[in-house]
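Chemist: Next up, run25.txt (compact mmCIF, C-alpha atoms).
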# COMPACT_ATOMS: atom_id res chain seq x y z
CA LEU A 576 0.00 0.00 0.00
CA GLY A 577 0.99 3.63 -0.44
CA VAL A 578 1.04 6.44 2.14
CA THR A 579 -2.31 7.85 1.02
CA GLU A 580 -4.05 4.44 1.15
CA ILE A 581 -2.66 3.70 4.61
CA SER A 582 -3.59 7.11 6.00
CA GLU A 583 -7.15 6.70 4.73
CA LYS A 584 -7.48 3.23 6.25
CA LEU A 585 -6.10 4.38 9.61
CA GLY A 586 -7.71 7.80 9.69
CA LEU A 587 -4.36 9.48 10.36
CA TYR A 588 -2.63 12.43 8.74
CA LYS A 589 -0.36 11.52 5.84
CA SER A 590 2.60 13.24 7.51
CA ASN A 591 2.17 11.06 10.63
CA VAL A 592 1.79 7.92 8.55
CA HIS A 593 4.89 8.80 6.53
CA ASN A 594 6.98 9.20 9.70
CA ILE A 595 5.77 5.84 11.04
CA LEU A 596 6.47 4.10 7.73
CA MET A 597 9.97 5.56 7.56
CA THR A 598 10.68 4.29 11.08
CA PHE A 599 9.43 0.78 10.26
CA THR A 600 11.43 0.82 7.03
CA ALA A 601 14.61 1.83 8.87
CA LEU A 602 14.07 -1.07 11.29
CA GLY A 603 13.53 -3.53 8.46
CA TYR A 604 9.86 -4.25 9.19
CA LEU A 605 8.85 -2.63 5.89
CA THR A 606 10.46 -2.15 2.51
CA GLN A 607 9.54 0.47 -0.08
CA ASP A 608 9.32 -0.20 -3.80
CA ASP A 609 11.56 2.31 -5.61
CA GLU A 610 9.27 2.52 -8.65
CA THR A 611 5.78 2.57 -7.12
CA GLY A 612 6.65 4.04 -3.72
CA LYS A 613 4.40 1.44 -2.09
CA PHE A 614 5.32 -0.43 1.07
CA HIS A 615 5.61 -4.18 1.67
CA LEU A 616 6.54 -6.29 4.68
CA GLY A 617 10.27 -6.48 5.33
CA VAL A 618 12.47 -9.35 6.47
CA SER A 619 12.45 -8.27 10.13
CA VAL A 620 8.81 -9.37 10.31
CA MET A 621 10.07 -12.94 10.06
CA THR A 622 11.91 -12.48 13.35
CA LEU A 623 8.68 -11.37 15.01
CA SER A 624 6.82 -14.26 13.39
CA ARG A 625 9.30 -16.78 14.74
CA ALA A 626 9.23 -15.21 18.20
CA PHE A 627 5.43 -15.36 18.17
CA ARG A 628 5.34 -19.05 17.21
CA GLU A 629 7.98 -20.02 19.74
CA GLY A 630 6.11 -18.06 22.40
CA LEU A 631 2.99 -20.17 22.00
CA ASP A 632 2.68 -22.94 24.57
CA ILE A 633 1.31 -25.30 21.95
CA THR A 634 4.40 -24.86 19.77
CA ARG A 635 6.87 -25.44 22.59
CA VAL A 636 4.97 -28.52 23.73
CA ALA A 637 4.15 -30.05 20.35
CA VAL A 638 7.33 -29.68 18.28
CA PRO A 639 9.44 -32.32 20.14
CA PHE A 640 6.58 -34.81 19.78
CA MET A 641 6.15 -33.85 16.12
CA ARG A 642 9.71 -34.97 15.43
CA GLU A 643 8.91 -38.36 16.96
CA ILE A 644 5.72 -38.63 14.91
CA ALA A 645 7.52 -37.72 11.68
CA ASN A 646 10.21 -40.33 12.28
CA GLU A 647 7.72 -43.01 13.29
CA ALA A 648 5.40 -42.40 10.34
CA GLY A 649 8.12 -41.47 7.87
CA GLU A 650 5.97 -38.60 6.59
CA LEU A 651 5.49 -34.86 6.95
CA VAL A 652 3.77 -33.62 10.13
CA TYR A 653 1.99 -30.27 10.56
CA LEU A 654 0.94 -28.26 13.61
CA THR A 655 -1.99 -25.89 13.14
CA VAL A 656 -4.24 -23.59 15.15
CA PRO A 657 -7.79 -22.45 14.34
CA ARG A 658 -8.47 -18.94 13.13
CA GLU A 659 -12.01 -17.99 12.06
CA ASP A 660 -13.04 -20.53 9.37
CA SER A 661 -9.45 -21.61 8.62
CA VAL A 662 -6.49 -23.41 10.13
CA VAL A 663 -3.16 -21.57 10.32
CA TYR A 664 0.02 -23.63 9.94
CA LEU A 665 2.63 -23.00 12.63
CA GLU A 666 5.20 -25.71 11.93
CA GLY A 667 6.00 -28.47 9.46
CA ILE A 668 8.39 -31.26 10.49
CA SER A 669 9.95 -33.83 8.13
CA PRO A 670 11.50 -37.18 9.13
CA ASP A 671 15.19 -36.90 10.03
CA ASN A 672 16.25 -38.98 7.02
CA GLN A 673 14.26 -36.91 4.52
CA ARG A 674 14.15 -33.29 3.43
CA MET A 675 10.54 -32.78 2.46
CA VAL A 676 9.85 -29.21 3.52
CA SER A 677 11.54 -26.86 1.05
CA LYS A 678 10.07 -23.70 2.58
CA SER A 679 8.50 -22.54 5.82
CA VAL A 680 4.77 -23.17 6.09
CA ALA A 681 4.38 -20.76 8.99
CA GLY A 682 1.44 -18.46 8.44
CA GLU A 683 -0.10 -20.39 5.55
CA CYS A 684 -3.82 -21.11 5.84
CA GLY A 685 -6.29 -23.77 4.75
CA LYS A 686 -10.05 -23.84 5.06
CA MET A 687 -11.34 -26.02 7.88
CA TYR A 688 -13.92 -27.83 5.77
CA CYS A 689 -11.42 -29.34 3.32
CA THR A 690 -8.41 -30.09 5.57
CA SER A 691 -8.14 -33.19 7.71
CA VAL A 692 -7.11 -31.26 10.80
CA GLY A 693 -9.81 -28.65 10.18
CA LYS A 694 -12.51 -31.34 10.08
CA ALA A 695 -11.10 -32.79 13.31
CA MET A 696 -11.34 -29.35 14.92
CA LEU A 697 -14.92 -28.86 13.70
CA ALA A 698 -15.83 -32.29 15.09
CA ASN A 699 -14.82 -31.07 18.54
CA MET A 700 -16.67 -27.76 18.42
CA PRO A 701 -20.25 -26.92 19.48
CA LYS A 702 -22.84 -27.40 16.73
CA GLU A 703 -23.74 -23.71 16.60
CA GLU A 704 -20.06 -22.85 16.06
CA VAL A 705 -19.80 -25.40 13.27
CA GLU A 706 -22.92 -23.96 11.64
CA ARG A 707 -21.38 -20.50 11.77
CA TYR A 708 -18.13 -21.68 10.21
CA LEU A 709 -20.00 -23.39 7.37
CA SER A 710 -22.48 -20.58 6.75
CA GLY A 711 -20.52 -19.07 3.87
CA GLU A 712 -19.86 -20.35 0.38
CA LEU A 713 -17.85 -23.59 0.26
CA GLU A 714 -15.30 -23.27 -2.52
CA ALA A 715 -14.22 -26.36 -4.47
CA PHE A 716 -10.42 -26.57 -4.61
CA THR A 717 -10.43 -29.96 -6.38
CA GLU A 718 -13.14 -32.26 -7.72
CA ASN A 719 -12.98 -34.10 -4.36
CA THR A 720 -13.80 -31.06 -2.22
CA ILE A 721 -17.06 -31.51 -0.33
CA THR A 722 -19.12 -28.40 -1.00
CA ASP A 723 -22.56 -29.75 -0.08
CA LYS A 724 -23.24 -28.58 3.48
CA ASN A 725 -25.29 -31.63 4.49
CA LYS A 726 -22.66 -34.05 3.19
CA LEU A 727 -20.00 -32.05 4.98
CA LEU A 728 -21.92 -32.23 8.27
CA GLU A 729 -22.15 -36.01 7.80
CA GLU A 730 -18.39 -36.15 7.25
CA ILE A 731 -17.79 -34.09 10.39
CA GLU A 732 -19.98 -36.49 12.37
CA LYS A 733 -17.97 -39.46 11.00
CA THR A 734 -14.84 -37.61 12.04
CA ARG A 735 -16.19 -37.12 15.55
CA ILE A 736 -17.02 -40.82 15.91
CA ARG A 737 -13.70 -42.19 14.64
CA GLY A 738 -11.62 -39.44 16.27
CA TYR A 739 -9.73 -38.18 13.22
CA GLY A 740 -10.32 -36.28 10.00
CA ILE A 741 -9.33 -37.18 6.45
CA ASP A 742 -8.43 -34.94 3.54
CA ASP A 743 -8.95 -37.12 0.47
CA MET A 744 -7.21 -34.86 -2.05
CA GLU A 745 -9.76 -32.16 -1.23
CA ILE A 746 -7.43 -29.17 -1.14
CA THR A 747 -4.54 -30.40 -3.32
CA PHE A 748 -4.91 -33.16 -5.89
CA GLY A 749 -2.49 -36.02 -5.23
CA ILE A 750 -2.10 -35.27 -1.51
CA LYS A 751 -3.96 -37.00 1.30
CA CYS A 752 -3.85 -36.08 4.98
CA VAL A 753 -5.07 -37.44 8.29
CA GLY A 754 -5.49 -35.11 11.27
CA VAL A 755 -6.54 -34.91 14.91
CA ALA A 756 -7.55 -32.02 17.13
CA LEU A 757 -5.62 -30.92 20.21
CA LEU A 758 -7.84 -29.97 23.15
CA ASN A 759 -6.92 -27.99 26.26
CA HIS A 760 -7.93 -28.82 29.83
CA ASP A 761 -11.32 -27.17 29.28
CA GLY A 762 -12.04 -29.43 26.31
CA ASN A 763 -11.78 -26.57 23.84
CA VAL A 764 -9.89 -26.82 20.55
CA GLU A 765 -6.37 -25.46 20.97
CA GLY A 766 -4.85 -26.72 17.73
CA GLY A 767 -4.33 -29.80 15.62
CA LEU A 768 -1.80 -32.25 14.20
CA SER A 769 -1.80 -33.84 10.76
CA ILE A 770 0.25 -36.23 8.67
CA SER A 771 0.44 -35.48 4.96
CA ALA A 772 1.69 -37.69 2.12
CA PRO A 773 1.23 -38.40 -1.60
CA SER A 774 -2.04 -40.26 -2.17
CA LEU A 775 -0.23 -43.33 -3.54
CA ARG A 776 1.37 -43.84 -0.11
CA MET A 777 -1.88 -43.17 1.79
CA SER A 778 -3.77 -46.47 1.69
CA ASP A 779 -6.72 -46.99 4.04
CA GLU A 780 -4.45 -49.09 6.24
CA LYS A 781 -1.82 -46.35 6.39
CA ILE A 782 -4.45 -43.73 7.21
CA GLU A 783 -5.68 -45.79 10.15
CA LEU A 784 -2.10 -46.45 11.30
CA TYR A 785 -1.20 -42.76 11.13
CA ALA A 786 -4.44 -41.80 12.88
CA ASN A 787 -3.55 -44.07 15.80
CA ILE A 788 -0.05 -42.59 15.98
CA LEU A 789 -1.49 -39.07 16.02
CA LYS A 790 -4.03 -39.97 18.72
CA GLU A 791 -1.29 -41.46 20.90
CA TYR A 792 0.87 -38.35 20.73
CA ALA A 793 -2.07 -35.96 20.92
CA ALA A 794 -2.95 -37.48 24.28
CA LYS A 795 0.59 -36.74 25.52
CA ILE A 796 0.53 -33.18 24.20
CA GLN A 797 -2.91 -32.42 25.65
CA LYS A 798 -1.76 -33.35 29.16
CA MET A 799 0.84 -30.58 28.89
CA LEU A 800 -1.40 -27.84 27.45
Could you rewrite the structure in this file as structure tokens?

Modeler:
Amino acid sequence: LGVTEISEKLGLYKSNVHNILMTFTALGYLTQDDETGKFHLGVSVMTLSRAFREGLDITRVAVPFMREIANEAGELVYLTVPREDSVVYLEGISPDNQRMVSKSVAGECGKMYCTSVGKAMLANMPKEEVERYLSGELEAFTENTITDKNKLLEEIEKTRIRGYGIDDMEITFGIKCVGVALLNHDGNVEGGLSISAPSLRMSDEKIELYANILKEYAAKIQKML
């Protein structure tokens, strides 16, 4: 955004906004495009982002267990937290003998209704909250995405009964995931864990195996939240 746009959004004088932007730019939190004059986030924001993630109890507790899960399953493990109708990815851990994650997933989002961990979260939320999350339009990301609300509610109920959610190539074709919710001492959803792998490696037997692994470690994590 440019100075004028920011001042209008904030309701502040352009001179004040300009001074603030110059300060943030000097500190590396913003960078200014030489041609357009518009401002973008700078690299120093990544330091704040990392500090934020490491400051969360769920991150400190879950990451050591995630490494164990990744090595036991031999697949990529994600830690997420709920935010509005989406899940926000905090960490992605690969097995020690593999280098699967080529970039940080921190801050990336996925809709609850088409992610395994999102469905697991919804299955542990009050019905009125679920209804609110599903009140908007359900976008189809692949041909497997469930966009019919009634079918989705049935899937959430299945998830509640079996204790884990499944993403059957619903957000990315060729990728399947299995996920569980992480609950705090009050029984409220604090976050979630998922295992993700190419669909060819995700047989029904593997999904059930990974679900049991996730449940086992989720129980350990929840005792410490």

Chemist: Find, counting only C-alpha atoms, the residue in A:Gly685, A:Gly754, A:Gly586, A:Gly667 that gets nearest to Leu651 of chain A.

Modeler: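 Between A:Gly685, A:Gly754, A:Gly586, A:Gly667, the residue approaching Leu651 of chain A most closely is A:Gly667.
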
Chemist: Could you state the separation of atom CA of Phe599 of chain A and atom CA of His615 of chain A in Å, given to one decimal place?

Modeler: 10.6 Å

Chemist: So that I can see what lies close to Asp660 of chain A, please list as a PyMOL selection string the residues with an atom at most 8 Å from it, counting all atoms listed in the file and leaving out residues fewer than 6 positions away in the same chain.

Modeler: chain A and resi 686-687+708-709

Chemist: Which residues are near Glu783 of chain A? Cut-off 12 Å, all atoms listed in the file, ignore same chain within fewer than 2 positions. Put them as an MDAnalysis selection string.

Modeler: chainID A and resid 648 737:741 752:755 770 777:781 785:790

Chemist: Taking all atoms listed in the file into account, name the residue in A:Ile750, A:Leu775, A:Ala695, A:Val764 that is nearest to Thr717 of chain A.

Modeler: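 Smallest distance to Thr717 of chain A is found for A:Ile750.
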
Chemist: To one decimal in Å, tell me the separation between atom CA of Ser582 of chain A and atom CA of Glu659 of chain A.

Modeler: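 We find that atom CA of Ser582 of chain A and atom CA of Glu659 of chain A lie 27.2 Å from each other.
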
Chemist: Any idea what the distance is between atom CA of Lys589 of chain A and atom CA of Leu576 of chain A?

Modeler: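 Calculated distance between atom CA of Lys589 of chain A and atom CA of Leu576 of chain A is 12.9 Å.
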
Chemist: What lies within 10 Å of Gly711 of chain A using only C-alpha atoms, ignoring chain neighbours under 4 positions off, as a list of chain:residue names?

Modeler: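 Final neighbour list, sorted by chain and number: A:Asp660, A:Glu706, A:Arg707, A:Lys724.
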
Chemist: Can you pull out the residues contacting Asn699 of chain A? Cut-off 10 Å, using all atoms listed in the file, and skip same-chain residues under 3 positions away; I want them as a PDB file with C-alpha atoms, in the frame of the given file.

Modeler:
ATOM      1  CA  LYS A 694     -12.510 -31.340  10.080  1.00  0.00           C
ATOM      2  CA  ALA A 695     -11.100 -32.790  13.310  1.00  0.00           C
ATOM      3  CA  MET A 696     -11.340 -29.350  14.920  1.00  0.00           C
ATOM      4  CA  LYS A 702     -22.840 -27.400  16.730  1.00  0.00           C
ATOM      5  CA  VAL A 705     -19.800 -25.400  13.270  1.00  0.00           C
ATOM      6  CA  ILE A 731     -17.790 -34.090  10.390  1.00  0.00           C
ATOM      7  CA  GLU A 732     -19.980 -36.490  12.370  1.00  0.00           C
ATOM      8  CA  THR A 734     -14.840 -37.610  12.040  1.00  0.00           C
ATOM      9  CA  ARG A 735     -16.190 -37.120  15.550  1.00  0.00           C
ATOM     10  CA  GLY A 738     -11.620 -39.440  16.270  1.00  0.00           C
ATOM     11  CA  VAL A 755      -6.540 -34.910  14.910  1.00  0.00           C
ATOM     12  CA  ALA A 756      -7.550 -32.020  17.130  1.00  0.00           C
ATOM     13  CA  LEU A 757      -5.620 -30.920  20.210  1.00  0.00           C
ATOM     14  CA  LEU A 758      -7.840 -29.970  23.150  1.00  0.00           C
ATOM     15  CA  GLY A 762     -12.040 -29.430  26.310  1.00  0.00           C
ATOM     16  CA  ASN A 763     -11.780 -26.570  23.840  1.00  0.00           C
ATOM     17  CA  VAL A 764      -9.890 -26.820  20.550  1.00  0.00           C
TER      18      VAL A 764
END

Chemist: Point out the residue among A:Val663, A:Leu616, A:Ile782, A:Ala793 with the least atom-to-atom distance to Leu768 of chain A, counting all atoms listed in the file.

Modeler: A:Ala793

Chemist: Quick one: residues within 9 Å of Ala645 of chain A, only C-alpha atoms counted, chain neighbours fewer than 3 positions away excluded, as a VMD selection string?

Modeler: chain A and resid 640 to 642 648 to 652 668 to 671 770

Chemist: Please determine the residues with any atom at most 12 Å from (15.6, -2.7, 8.3) (coordinates as given in the file, with all atoms listed in the file counting) and report them as a list in words.

Modeler: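 Collected hits near the coordinates: Leu596, Met597, Thr598, Phe599, Thr600, Ala601, Leu602, Gly603, Tyr604, Leu605, Thr606, Gln607, Leu616, Gly617, Val618, Ser619, Val620, Met621 and Thr622 of chain A.
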
Chemist: From the options A:Val692, A:Val638, A:Leu728, A:Ala772, which residue's atoms come nearest to Glu666 of chain A, counting all atoms listed in the file?

Modeler: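 Of all the options, A:Val638 lies closest to Glu666 of chain A.
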